[in-house]
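Accompanying notes for the structure given below.
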Amino acid sequence: ETGVTQTPRHLVMGMTNKKSLKCEQHLGHNAMYWYKQSAKKPLELMFVYSLEERVENNSVPSRFSPECPNSSHLFLHLHTLQPEDSALYLCASSPRGAEAEQYFGPGTRLTVT
Amino acid sequence: GQSLEQPSEVTAVEGAIVQINCTYQTSGFYGLSWYQQHDGGAPTFLSYNALDGLEETGRFSSFLSRSDSYGYLLLQELQMKDSASYFCAVRVRGDGATNKLIFGTGTLLAVQP
């Protein structure tokens with residue numbers, strides 16, 4: 001099993017749609033992260049979960065709603081997105097306390113039309 | 001606030017040595033990580049420096065000077081497959097008990113034959 005998987009790999013959605021991104025890690029980690037990567041910009045940390053509890057929310061608009069049902073799964077629920085939300089969404093995991101070394105999934109390329 | 005600076009692009013030839021610098025301004029600093037990302041791929045962890053000095057891992061080395069808020073990634077015996085984007089990231093105190101990474105904008109390394 002690949003360490004961190006993400007589905008779907010590509011997603012096109014309209015501004016009125018509701019969709020969810022899924023991330024699964026098979027590394028036994030207990031911290032998980034969502035990042036947004038846009039062209040010419042640094043990876044932007046969106047949310048951090050540690051032991052299934054959200055510990056960081058970097059001023060992300062409410063149209064992005066994370067969910068962490070257990071230590072292996074992380075979701076990002078999307079609704080009423082804007083075209084500027086089009087980006088690569090990356091999930092990562094690490095052991096708690098070892099944030100320096102994160103393992104990333106391949107990302108979901110999201111296009112909002 | 002937090003800020004990191006690294007060159008946007010670097011070009012080098014196969015077999016050469018290249019150094020990618022990173023300067024940062026942060027609060028609650030714990031250490032400096034480096035990640036590699038090939039076009040269309042996921043970021044992968046390369047190294048982490050919590051203490052001053054040089055860390056060597058095969059052809060790659062990373063250096064940190066906490067007093068100068070400066071670090072670099074050194075790539076030796078460059079190969080074509082090293083063509084990728086390289087990100088520095090500072091590990092800093094998060095909102096909760098979990099720390100977090102703040103990424104730079106990345107340096108695109110082009111290795112030429």
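Residue names in the structure tokens use chain letters A, B, ... in the order shown, residue numbers from 1 in each chain, and ligand numbers from 1 in the order shown.
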Within 7 Å of chain B: each chain A residue with its shortest pair, only C-alpha atoms, as JSON lines:
{"residue": "A:Lys40", "atom": "CA", "partner": "B:Thr105", "partner_atom": "CA", "distance": 6.9}
{"residue": "A:Lys41", "atom": "CA", "partner": "B:Thr105", "partner_atom": "CA", "distance": 5.5}
{"residue": "A:Pro42", "atom": "CA", "partner": "B:Thr105", "partner_atom": "CA", "distance": 4.0}
{"residue": "A:Leu43", "atom": "CA", "partner": "B:Phe103", "partner_atom": "CA", "distance": 5.8}
{"residue": "A:Val55", "atom": "CA", "partner": "B:Gly96", "partner_atom": "CA", "distance": 5.4}
{"residue": "A:Glu56", "atom": "CA", "partner": "B:Asp95", "partner_atom": "CA", "distance": 5.9}
{"residue": "A:Gly97", "atom": "CA", "partner": "B:Thr98", "partner_atom": "CA", "distance": 6.5}
{"residue": "A:Glu99", "atom": "CA", "partner": "B:Lys100", "partner_atom": "CA", "distance": 6.0}
{"residue": "A:Ala100", "atom": "CA", "partner": "B:Ser33", "partner_atom": "CA", "distance": 6.0}
{"residue": "A:Glu101", "atom": "CA", "partner": "B:Phe45", "partner_atom": "CA", "distance": 6.0}
{"residue": "A:Gln102", "atom": "CA", "partner": "B:Phe45", "partner_atom": "CA", "distance": 6.7}
{"residue": "A:Tyr103", "atom": "CA", "partner": "B:Thr44", "partner_atom": "CA", "distance": 6.7}
{"residue": "A:Phe104", "atom": "CA", "partner": "B:Ala42", "partner_atom": "CA", "distance": 5.9}
{"residue": "A:Gly105", "atom": "CA", "partner": "B:Ala42", "partner_atom": "CA", "distance": 6.0}
{"residue": "A:Pro106", "atom": "CA", "partner": "B:Ala42", "partner_atom": "CA", "distance": 4.8}
{"residue": "A:Gly107", "atom": "CA", "partner": "B:Ala42", "partner_atom": "CA", "distance": 6.9}
Region 65-69 of chain B surroundings by only C-alpha atoms, 9 Å radius, close-in-sequence under 6 positions cut, as number ranges by chain: B: 22-26, 29, 31, 50-53
Counting only C-alpha atoms, what is within 12 Å of Lys81 (chain B), bar same-chain residues fewer than 2 positions away, as a JSON list (two decimals) with all heavy atoms, in the first residue's frame?
[["chain", "number", "residue", "atom", "x", "y", "z"],
["B", 13, "VAL", "N", 24.73, 22.39, -14.28],
["B", 13, "VAL", "CA", 25.00, 21.31, -15.23],
["B", 13, "VAL", "C", 25.21, 20.01, -14.48],
["B", 13, "VAL", "O", 25.57, 19.98, -13.30],
["B", 13, "VAL", "CB", 26.21, 21.62, -16.12],
["B", 13, "VAL", "CG1", 25.94, 22.84, -16.98],
["B", 13, "VAL", "CG2", 27.46, 21.82, -15.27],
["B", 14, "GLU", "N", 25.01, 18.92, -15.18],
["B", 14, "GLU", "CA", 25.23, 17.59, -14.62],
["B", 14, "GLU", "C", 26.62, 17.48, -14.03],
["B", 14, "GLU", "O", 27.59, 17.96, -14.62],
["B", 14, "GLU", "CB", 25.09, 16.55, -15.76],
["B", 14, "GLU", "CG", 23.83, 15.74, -15.71],
["B", 14, "GLU", "CD", 23.81, 14.63, -16.75],
["B", 14, "GLU", "OE1", 24.15, 14.91, -17.91],
["B", 14, "GLU", "OE2", 23.47, 13.51, -16.38],
["B", 15, "GLY", "N", 26.69, 16.84, -12.86],
["B", 15, "GLY", "CA", 27.98, 16.62, -12.23],
["B", 15, "GLY", "C", 28.44, 17.77, -11.36],
["B", 15, "GLY", "O", 29.39, 17.62, -10.57],
["B", 36, "GLN", "N", 11.66, 18.09, -1.68],
["B", 36, "GLN", "CA", 11.80, 18.07, -3.13],
["B", 36, "GLN", "C", 10.45, 17.75, -3.76],
["B", 36, "GLN", "O", 9.71, 16.89, -3.26],
["B", 36, "GLN", "CB", 12.82, 16.99, -3.53],
["B", 36, "GLN", "CG", 13.03, 16.81, -5.03],
["B", 36, "GLN", "CD", 13.79, 15.53, -5.35],
["B", 36, "GLN", "OE1", 13.33, 14.43, -5.08],
["B", 36, "GLN", "NE2", 14.98, 15.66, -5.92],
["B", 37, "GLN", "N", 10.12, 18.43, -4.84],
["B", 37, "GLN", "CA", 8.88, 18.13, -5.54],
["B", 37, "GLN", "C", 9.13, 18.14, -7.04],
["B", 37, "GLN", "O", 9.44, 19.18, -7.63],
["B", 37, "GLN", "CB", 7.79, 19.15, -5.19],
["B", 37, "GLN", "CG", 6.42, 18.81, -5.80],
["B", 37, "GLN", "CD", 5.34, 19.80, -5.42],
["B", 37, "GLN", "OE1", 5.62, 20.97, -5.15],
["B", 37, "GLN", "NE2", 4.09, 19.35, -5.37],
["B", 38, "HIS", "N", 8.99, 16.98, -7.66],
["B", 38, "HIS", "CA", 9.05, 16.90, -9.11],
["B", 38, "HIS", "C", 7.74, 17.39, -9.69],
["B", 38, "HIS", "O", 6.69, 17.33, -9.04],
["B", 38, "HIS", "CB", 9.33, 15.47, -9.57],
["B", 38, "HIS", "CG", 10.76, 15.05, -9.35],
["B", 38, "HIS", "ND1", 11.16, 14.29, -8.28],
["B", 38, "HIS", "CD2", 11.88, 15.30, -10.08],
["B", 38, "HIS", "CE1", 12.46, 14.08, -8.34],
["B", 38, "HIS", "NE2", 12.92, 14.69, -9.41],
["B", 39, "ASP", "N", 7.81, 17.86, -10.93],
["B", 39, "ASP", "CA", 6.64, 18.40, -11.61],
["B", 39, "ASP", "C", 5.53, 17.36, -11.62],
["B", 39, "ASP", "O", 5.73, 16.23, -12.09],
["B", 39, "ASP", "CB", 7.02, 18.81, -13.03],
["B", 39, "ASP", "CG", 5.92, 19.62, -13.69],
["B", 39, "ASP", "OD1", 5.18, 20.31, -12.96],
["B", 39, "ASP", "OD2", 5.80, 19.57, -14.93],
["B", 75, "LEU", "N", 23.50, 20.29, -3.11],
["B", 75, "LEU", "CA", 23.35, 19.10, -3.92],
["B", 75, "LEU", "C", 24.64, 18.88, -4.70],
["B", 75, "LEU", "O", 25.08, 19.76, -5.45],
["B", 75, "LEU", "CB", 22.18, 19.23, -4.91],
["B", 75, "LEU", "CG", 20.78, 19.38, -4.33],
["B", 75, "LEU", "CD1", 20.47, 20.83, -3.97],
["B", 75, "LEU", "CD2", 19.74, 18.86, -5.31],
["B", 77, "GLU", "N", 27.25, 16.33, -7.21],
["B", 77, "GLU", "CA", 27.20, 15.36, -8.32],
["B", 77, "GLU", "C", 25.83, 15.35, -8.96],
["B", 77, "GLU", "O", 25.17, 14.32, -9.07],
["B", 77, "GLU", "CB", 27.57, 13.96, -7.81],
["B", 77, "GLU", "CG", 28.95, 13.89, -7.17],
["B", 77, "GLU", "CD", 29.18, 12.53, -6.51],
["B", 77, "GLU", "OE1", 28.48, 11.55, -6.84],
["B", 77, "GLU", "OE2", 30.07, 12.46, -5.64],
["B", 78, "LEU", "N", 25.40, 16.52, -9.39],
["B", 78, "LEU", "CA", 24.06, 16.68, -9.91],
["B", 78, "LEU", "C", 23.74, 15.70, -11.03],
["B", 78, "LEU", "O", 24.57, 15.42, -11.90],
["B", 78, "LEU", "CB", 23.86, 18.10, -10.43],
["B", 78, "LEU", "CG", 23.57, 19.18, -9.39],
["B", 78, "LEU", "CD1", 23.50, 20.54, -10.06],
["B", 78, "LEU", "CD2", 22.27, 18.87, -8.66],
["B", 79, "GLN", "N", 22.50, 15.21, -10.97],
["B", 79, "GLN", "CA", 22.00, 14.31, -12.01],
["B", 79, "GLN", "C", 20.75, 14.94, -12.61],
["B", 79, "GLN", "O", 20.09, 15.78, -11.98],
["B", 79, "GLN", "CB", 21.68, 12.94, -11.40],
["B", 79, "GLN", "CG", 22.87, 12.29, -10.72],
["B", 79, "GLN", "CD", 22.51, 10.99, -10.01],
["B", 79, "GLN", "OE1", 21.41, 10.46, -10.14],
["B", 79, "GLN", "NE2", 23.48, 10.45, -9.24],
["B", 83, "SER", "N", 16.42, 17.58, -11.29],
["B", 83, "SER", "CA", 15.60, 18.71, -11.76],
["B", 83, "SER", "C", 14.23, 18.63, -11.09],
["B", 83, "SER", "O", 13.48, 17.66, -11.29],
["B", 83, "SER", "CB", 15.44, 18.65, -13.28],
["B", 83, "SER", "OG", 16.67, 18.85, -13.94],
["B", 84, "ALA", "N", 13.92, 19.63, -10.29],
["B", 84, "ALA", "CA", 12.70, 19.62, -9.47],
["B", 84, "ALA", "C", 12.62, 20.95, -8.75],
["B", 84, "ALA", "O", 13.52, 21.80, -8.86],
["B", 84, "ALA", "CB", 12.75, 18.48, -8.46],
["B", 85, "SER", "N", 11.54, 21.15, -8.01],
["B", 85, "SER", "CA", 11.43, 22.29, -7.12],
["B", 85, "SER", "C", 11.85, 21.88, -5.72],
["B", 85, "SER", "O", 11.55, 20.76, -5.28],
["B", 85, "SER", "CB", 9.99, 22.81, -7.07],
["B", 85, "SER", "OG", 9.65, 23.42, -8.29],
["B", 109, "LEU", "N", 14.99, 24.03, -9.73],
["B", 109, "LEU", "CA", 16.33, 23.66, -10.18],
["B", 109, "LEU", "C", 16.26, 22.97, -11.53],
["B", 109, "LEU", "O", 15.55, 21.98, -11.68],
["B", 109, "LEU", "CB", 16.99, 22.73, -9.17],
["B", 109, "LEU", "CG", 18.33, 22.10, -9.59],
["B", 109, "LEU", "CD1", 19.38, 23.17, -9.81],
["B", 109, "LEU", "CD2", 18.78, 21.06, -8.58],
["B", 110, "ALA", "N", 16.98, 23.52, -12.48],
["B", 110, "ALA", "CA", 17.07, 22.91, -13.80],
["B", 110, "ALA", "C", 18.49, 22.40, -13.99],
["B", 110, "ALA", "O", 19.44, 23.18, -13.92],
["B", 110, "ALA", "CB", 16.72, 23.92, -14.89],
["B", 111, "VAL", "N", 18.62, 21.09, -14.18],
["B", 111, "VAL", "CA", 19.94, 20.49, -14.42],
["B", 111, "VAL", "C", 20.08, 20.25, -15.91],
["B", 111, "VAL", "O", 19.24, 19.57, -16.52],
["B", 111, "VAL", "CB", 20.09, 19.17, -13.65],
["B", 111, "VAL", "CG1", 21.47, 18.55, -13.91],
["B", 111, "VAL", "CG2", 19.88, 19.40, -12.16],
["B", 112, "GLN", "N", 21.13, 20.80, -16.48],
["B", 112, "GLN", "CA", 21.36, 20.68, -17.92],
["B", 112, "GLN", "C", 22.48, 19.71, -18.21],
["B", 112, "GLN", "O", 23.40, 19.56, -17.41],
["B", 112, "GLN", "CB", 21.67, 22.07, -18.51],
["B", 112, "GLN", "CG", 20.54, 23.06, -18.33],
["B", 112, "GLN", "CD", 20.86, 24.43, -18.89],
["B", 112, "GLN", "OE1", 22.02, 24.77, -19.07],
["B", 112, "GLN", "NE2", 19.83, 25.20, -19.17],
["B", 113, "PRO", "N", 22.39, 19.04, -19.37],
["B", 113, "PRO", "CA", 23.44, 18.07, -19.69],
["B", 113, "PRO", "C", 24.78, 18.75, -19.97],
["B", 113, "PRO", "O", 24.84, 19.91, -20.29],
["B", 113, "PRO", "CB", 22.92, 17.36, -20.95],
["B", 113, "PRO", "CG", 21.71, 18.08, -21.38],
["B", 113, "PRO", "CD", 21.30, 19.08, -20.34]]
Among the residues of region 14-98 of chain B, find those DSSP assigns to strand (DSSP E or B) from the backbone and print them as a compact mmCIF listing (two decimals) with N, CA, C and O atoms, in the first residue's frame.
# COMPACT_ATOMS: atom_id res chain seq x y z
N VAL B 18 25.44 22.49 -6.50
CA VAL B 18 24.59 23.66 -6.43
C VAL B 18 24.13 23.86 -4.99
O VAL B 18 23.92 22.90 -4.25
N GLN B 19 24.02 25.12 -4.59
CA GLN B 19 23.56 25.47 -3.25
C GLN B 19 22.31 26.32 -3.35
O GLN B 19 22.28 27.32 -4.08
N ILE B 20 21.27 25.93 -2.62
CA ILE B 20 20.01 26.67 -2.60
C ILE B 20 19.86 27.26 -1.21
O ILE B 20 19.80 26.54 -0.22
N ASN B 21 19.82 28.58 -1.15
CA ASN B 21 19.78 29.29 0.12
C ASN B 21 18.35 29.56 0.57
O ASN B 21 17.44 29.68 -0.26
N CYS B 22 18.21 29.69 1.87
CA CYS B 22 16.90 30.00 2.46
C CYS B 22 17.12 30.89 3.67
O CYS B 22 17.90 30.54 4.58
N THR B 23 16.51 32.06 3.67
CA THR B 23 16.54 32.92 4.85
C THR B 23 15.12 33.04 5.38
O THR B 23 14.15 32.99 4.60
N TYR B 24 14.99 33.20 6.67
CA TYR B 24 13.66 33.18 7.27
C TYR B 24 13.56 34.20 8.39
O TYR B 24 14.57 34.59 9.01
N GLN B 25 12.32 34.63 8.61
CA GLN B 25 11.96 35.47 9.75
C GLN B 25 10.74 34.85 10.38
O GLN B 25 9.67 34.83 9.75
N PHE B 29 10.67 29.40 16.44
CA PHE B 29 11.40 28.55 15.49
C PHE B 29 11.99 27.32 16.18
O PHE B 29 12.60 27.41 17.25
N TYR B 30 11.79 26.17 15.53
CA TYR B 30 12.35 24.92 16.05
C TYR B 30 13.37 24.30 15.09
O TYR B 30 14.27 23.58 15.53
N GLY B 31 13.21 24.52 13.79
CA GLY B 31 14.14 23.91 12.86
C GLY B 31 13.75 24.16 11.43
O GLY B 31 12.72 24.78 11.14
N LEU B 32 14.61 23.68 10.50
CA LEU B 32 14.43 23.94 9.07
C LEU B 32 14.41 22.61 8.32
O LEU B 32 15.33 21.80 8.46
N SER B 33 13.36 22.41 7.54
CA SER B 33 13.23 21.21 6.70
C SER B 33 13.42 21.57 5.23
O SER B 33 13.23 22.72 4.84
N TRP B 34 13.77 20.57 4.44
CA TRP B 34 13.85 20.71 2.99
C TRP B 34 13.04 19.59 2.33
O TRP B 34 13.09 18.43 2.77
N TYR B 35 12.32 19.98 1.27
CA TYR B 35 11.51 19.05 0.52
C TYR B 35 11.80 19.21 -0.97
O TYR B 35 12.11 20.29 -1.44
N GLN B 36 11.66 18.09 -1.68
CA GLN B 36 11.80 18.07 -3.13
C GLN B 36 10.45 17.75 -3.76
O GLN B 36 9.71 16.89 -3.26
N GLN B 37 10.12 18.43 -4.84
CA GLN B 37 8.88 18.13 -5.54
C GLN B 37 9.13 18.14 -7.04
O GLN B 37 9.44 19.18 -7.63
N THR B 44 8.49 15.49 -1.30
CA THR B 44 9.11 14.42 -0.51
C THR B 44 10.17 15.03 0.40
O THR B 44 10.92 15.92 0.00
N PHE B 45 10.23 14.51 1.62
CA PHE B 45 11.13 15.03 2.63
C PHE B 45 12.57 14.69 2.28
O PHE B 45 12.89 13.58 1.86
N LEU B 46 13.47 15.70 2.46
CA LEU B 46 14.89 15.48 2.21
C LEU B 46 15.71 15.51 3.50
O LEU B 46 16.55 14.64 3.73
N SER B 47 15.49 16.56 4.32
CA SER B 47 16.33 16.70 5.50
C SER B 47 15.69 17.66 6.49
O SER B 47 14.78 18.42 6.15
N TYR B 48 16.22 17.62 7.72
CA TYR B 48 15.76 18.51 8.78
C TYR B 48 16.94 18.87 9.66
O TYR B 48 17.72 17.99 10.06
N ASN B 49 17.08 20.17 9.93
CA ASN B 49 18.12 20.65 10.83
C ASN B 49 17.45 21.35 12.01
O ASN B 49 16.75 22.35 11.81
N GLY B 53 24.72 23.73 12.02
CA GLY B 53 25.72 22.84 11.44
C GLY B 53 25.23 22.16 10.19
O GLY B 53 24.17 22.49 9.65
N LEU B 54 26.03 21.23 9.73
CA LEU B 54 25.80 20.56 8.46
C LEU B 54 25.33 19.12 8.70
O LEU B 54 25.91 18.40 9.49
N GLU B 55 24.27 18.73 7.99
CA GLU B 55 23.78 17.36 8.01
C GLU B 55 23.97 16.79 6.61
O GLU B 55 23.56 17.41 5.63
N GLU B 56 24.58 15.62 6.50
CA GLU B 56 24.84 15.04 5.19
C GLU B 56 24.05 13.75 5.01
O GLU B 56 24.05 12.89 5.88
N THR B 57 23.39 13.65 3.85
CA THR B 57 22.65 12.43 3.50
C THR B 57 22.95 12.12 2.04
O THR B 57 22.30 12.65 1.14
N PHE B 60 23.16 14.81 -0.85
CA PHE B 60 22.54 16.04 -0.36
C PHE B 60 23.05 16.37 1.04
O PHE B 60 23.21 15.48 1.88
N SER B 61 23.24 17.65 1.28
CA SER B 61 23.61 18.13 2.62
C SER B 61 22.75 19.34 2.93
O SER B 61 22.37 20.08 2.02
N SER B 62 22.49 19.56 4.21
CA SER B 62 21.73 20.75 4.60
C SER B 62 22.42 21.40 5.77
O SER B 62 22.97 20.74 6.65
N PHE B 63 22.36 22.72 5.77
CA PHE B 63 23.07 23.53 6.77
C PHE B 63 22.11 24.49 7.42
O PHE B 63 21.19 25.01 6.78
N LEU B 64 22.34 24.76 8.69
CA LEU B 64 21.54 25.73 9.42
C LEU B 64 22.42 26.61 10.30
O LEU B 64 23.33 26.10 10.97
N SER B 65 22.13 27.90 10.29
CA SER B 65 22.70 28.86 11.23
C SER B 65 21.54 29.58 11.89
O SER B 65 20.93 30.46 11.28
N TYR B 70 19.33 31.47 8.72
CA TYR B 70 19.77 31.12 7.36
C TYR B 70 20.08 29.63 7.26
O TYR B 70 20.62 29.03 8.21
N GLY B 71 19.74 29.07 6.15
CA GLY B 71 20.10 27.69 5.89
C GLY B 71 20.30 27.48 4.40
O GLY B 71 19.98 28.36 3.58
N TYR B 72 20.87 26.35 4.05
CA TYR B 72 20.99 26.01 2.63
C TYR B 72 20.94 24.52 2.42
O TYR B 72 21.21 23.73 3.33
N LEU B 73 20.58 24.18 1.20
CA LEU B 73 20.61 22.79 0.75
C LEU B 73 21.70 22.69 -0.30
O LEU B 73 21.74 23.50 -1.23
N LEU B 74 22.60 21.73 -0.14
CA LEU B 74 23.71 21.55 -1.06
C LEU B 74 23.51 20.23 -1.81
O LEU B 74 23.35 19.17 -1.18
N LEU B 75 23.50 20.29 -3.11
CA LEU B 75 23.35 19.10 -3.92
C LEU B 75 24.64 18.88 -4.70
O LEU B 75 25.08 19.76 -5.45
N ALA B 84 13.92 19.63 -10.29
CA ALA B 84 12.70 19.62 -9.47
C ALA B 84 12.62 20.95 -8.75
O ALA B 84 13.52 21.80 -8.86
N SER B 85 11.54 21.15 -8.01
CA SER B 85 11.43 22.29 -7.12
C SER B 85 11.85 21.88 -5.72
O SER B 85 11.55 20.76 -5.28
N TYR B 86 12.57 22.76 -5.04
CA TYR B 86 13.06 22.50 -3.68
C TYR B 86 12.50 23.56 -2.75
O TYR B 86 12.63 24.76 -3.01
N PHE B 87 11.86 23.11 -1.68
CA PHE B 87 11.22 24.00 -0.73
C PHE B 87 11.92 23.93 0.62
O PHE B 87 12.16 22.82 1.13
N CYS B 88 12.21 25.08 1.19
CA CYS B 88 12.58 25.10 2.60
C CYS B 88 11.31 25.34 3.40
O CYS B 88 10.35 25.94 2.90
N ALA B 89 11.31 24.86 4.62
CA ALA B 89 10.13 25.00 5.48
C ALA B 89 10.61 25.12 6.91
O ALA B 89 11.45 24.33 7.36
N VAL B 90 10.08 26.08 7.62
CA VAL B 90 10.43 26.26 9.03
C VAL B 90 9.41 25.55 9.89
O VAL B 90 8.20 25.62 9.65
N ARG B 91 9.93 24.87 10.88
CA ARG B 91 9.07 24.22 11.87
C ARG B 91 8.91 25.22 13.02
O ARG B 91 9.89 25.64 13.63
N VAL B 92 7.65 25.59 13.27
CA VAL B 92 7.39 26.64 14.26
C VAL B 92 6.27 26.19 15.18
O VAL B 92 5.57 25.20 14.92
Do a neighbour search on Ser20 (chain A) at 8 Å with only C-alpha atoms, toss out local chain neighbours closer than 2 positions, and write the hits as a PyMOL selection string. chain A and resi 18+22+75-78
Resulting file, chosen residues, N, CA, C and O atoms, as an mmCIF file, in the first residue's frame:
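Now in out-v8.cif:
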data_model
loop_
_atom_site.group_PDB
_atom_site.id
_atom_site.type_symbol
_atom_site.label_atom_id
_atom_site.label_comp_id
_atom_site.auth_asym_id
_atom_site.auth_seq_id
_atom_site.Cartn_x
_atom_site.Cartn_y
_atom_site.Cartn_z
ATOM 1 N N LYS A 18 -21.324 20.406 -4.322
ATOM 2 C CA LYS A 18 -20.720 19.947 -3.081
ATOM 3 C C LYS A 18 -19.928 18.686 -3.400
ATOM 4 O O LYS A 18 -20.471 17.761 -4.009
ATOM 5 N N LYS A 22 -10.746 12.971 -0.296
ATOM 6 C CA LYS A 22 -10.423 11.952 0.693
ATOM 7 C C LYS A 22 -8.926 11.714 0.747
ATOM 8 O O LYS A 22 -8.248 11.712 -0.286
ATOM 9 N N PHE A 75 -10.797 14.025 5.509
ATOM 10 C CA PHE A 75 -11.634 14.490 4.412
ATOM 11 C C PHE A 75 -11.601 16.013 4.365
ATOM 12 O O PHE A 75 -11.375 16.685 5.377
ATOM 13 N N LEU A 76 -11.846 16.530 3.163
ATOM 14 C CA LEU A 76 -12.060 17.965 3.004
ATOM 15 C C LEU A 76 -13.338 18.135 2.209
ATOM 16 O O LEU A 76 -13.405 17.798 1.031
ATOM 17 N N HIS A 77 -14.366 18.626 2.883
ATOM 18 C CA HIS A 77 -15.676 18.821 2.252
ATOM 19 C C HIS A 77 -15.725 20.216 1.637
ATOM 20 O O HIS A 77 -15.347 21.209 2.298
ATOM 21 N N LEU A 78 -16.178 20.274 0.401
ATOM 22 C CA LEU A 78 -16.164 21.521 -0.364
ATOM 23 C C LEU A 78 -17.584 21.915 -0.751
ATOM 24 O O LEU A 78 -18.360 21.066 -1.187
#
When you count only C-alpha atoms, which of these residues is closest to Arg93 (chain B): B:Gln2, B:Thr107, B:Gln76, B:Thr11? B:Gln2
Write out as a PyMOL selection string which residues come within 8 Å of Val48 (chain A) when counting only C-alpha atoms, dropping same-chain ones fewer than 4 positions away. chain A and resi 31-34+54-57
Please produce a file of those selected residues containing C-alpha atoms, as a PDB file, in the first residue's frame.
ATOM      1  CA  ALA A  31      -1.144  13.827  12.748  1.00  0.00           C
ATOM      2  CA  MET A  32      -2.644  14.795   9.390  1.00  0.00           C
ATOM      3  CA  TYR A  33      -2.587  18.008   7.364  1.00  0.00           C
ATOM      4  CA  TRP A  34      -4.342  19.709   4.470  1.00  0.00           C
ATOM      5  CA  ARG A  54      -8.350  19.783  14.894  1.00  0.00           C
ATOM      6  CA  VAL A  55      -5.502  21.834  16.362  1.00  0.00           C
ATOM      7  CA  GLU A  56      -4.925  24.386  13.615  1.00  0.00           C
ATOM      8  CA  ASN A  57      -7.231  26.307  11.300  1.00  0.00           C
TER       9      ASN A  57
END
